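Engineer: The structure's right below; bear with me while I get my questions together.
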Amino acid sequence: MTETKPPCPRCNGSAALMSAVRAAEIAAAVPIEPSLCADYAIYRARLERCASCATLREGVLCAWCGCFVHFRARPKAASCPHPAGNRWQDV
């Protein structure tokens, strides 16, 4: 069964304006309390799950919530908004 991409709730197609590399650079530059950040291995594992999701747009945007996945994956308490369930649960 192939997942169909829902309409992006925020970008209206403008995600193509930002590369995954640029999104990662910006996310890394945004200050966040270190104690609230997921460690790097968890962050990378979350992004790998996103990369394998059929509904990831332009390599940077979650089609379910409209967030840039490089930002969403940073906090320890973050979760994946996929309607079939949190794809990061066992990461």
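Residues are referred to by chain and number: the chain letter is A, B, ... according to the order shown in the structure tokens, the number counts from 1 in that chain, and ligands are numbered separately from 1 in the order shown.
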Using only C-alpha atoms, determine which residues lie at most 9 Å from His70 in chain A, disregarding the query and same-chain residues fewer than 3 positions distant; provide the list as a ChimeraX atom specification.
Structural biologist: /A:20,23-28,43,47,60-61,67,73-74
Engineer: Could those residues be written to a file, using C-alpha atoms, as a CSV table (one decimal), in the first residue's frame?
Structural biologist:
```csv
chain,number,residue,atom,x,y,z
A,20,ALA,CA,18.3,19.3,3.8
A,23,ALA,CA,17.8,23.0,7.3
A,24,ALA,CA,20.3,21.0,9.3
A,25,GLU,CA,22.7,24.0,9.5
A,26,ILE,CA,19.9,26.3,10.7
A,27,ALA,CA,18.6,23.8,13.2
A,28,ALA,CA,22.1,23.4,14.7
A,43,TYR,CA,18.7,12.7,16.3
A,47,LEU,CA,16.1,11.7,10.6
A,60,VAL,CA,13.1,18.5,4.8
A,61,LEU,CA,9.3,18.9,5.5
A,67,CYS,CA,7.5,21.1,10.4
A,73,ALA,CA,14.0,15.8,15.7
A,74,ARG,CA,16.2,17.8,18.1
```
Engineer: Report as a list in words: the residues of chain A with a DSSP assignment of strand (DSSP E or B), based on the backbone of this structure.
Structural biologist: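 Result set for chain A (strand (DSSP E or B)): Cys37, Leu56, Arg57, Leu61, Cys62, Phe68 and Pro75 of chain A.
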Engineer: Would you mind exporting the chosen residues as a tab-separated table (two decimals), in the first residue's frame, restricted to C-alpha atoms?
Structural biologist:
```
chain	number	residue	atom	x	y	z
A	37	CYS	CA	18.27	17.87	23.32
A	56	LEU	CA	8.62	13.50	3.57
A	57	ARG	CA	8.57	16.49	1.23
A	61	LEU	CA	9.33	18.86	5.49
A	62	CYS	CA	6.95	16.55	7.28
A	68	PHE	CA	11.12	20.98	9.21
A	75	PRO	CA	14.26	17.83	21.44
```
Engineer: What gap, in Å, lies between CA of Phe71 in chain A and CA of Gln89 in chain A?
Structural biologist: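 So the two atoms, CA of Phe71 in chain A and CA of Gln89 in chain A, lie 17.2 Å apart.
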Engineer: Would you please extract all helix (DSSP H, G or I) residues from range 8-72 of chain A, as assigned by DSSP on the backbone, and give them as an MDAnalysis selection string?
Structural biologist: chainID A and resid 14:17 20:29 34:36 40:51 69:72
Engineer: Just want the 8 Å neighbourhood of Val91 in chain A, counted on only C-alpha atoms, with same-chain residues fewer than 5 positions away dropped. Output as a PyMOL selection string.
Structural biologist: chain A and resi 42+45-46
Engineer: In Å, rounded to a single decimal, give me how far CA of Ala54 in chain A is from CA of Ala38 in chain A.
Structural biologist: 23.9 Å
Engineer: What does the distance between CA of Asp90 in chain A and CA of Arg72 in chain A come to in Å, to one decimal place?
Structural biologist: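 A separation of 16.4 Å between them.
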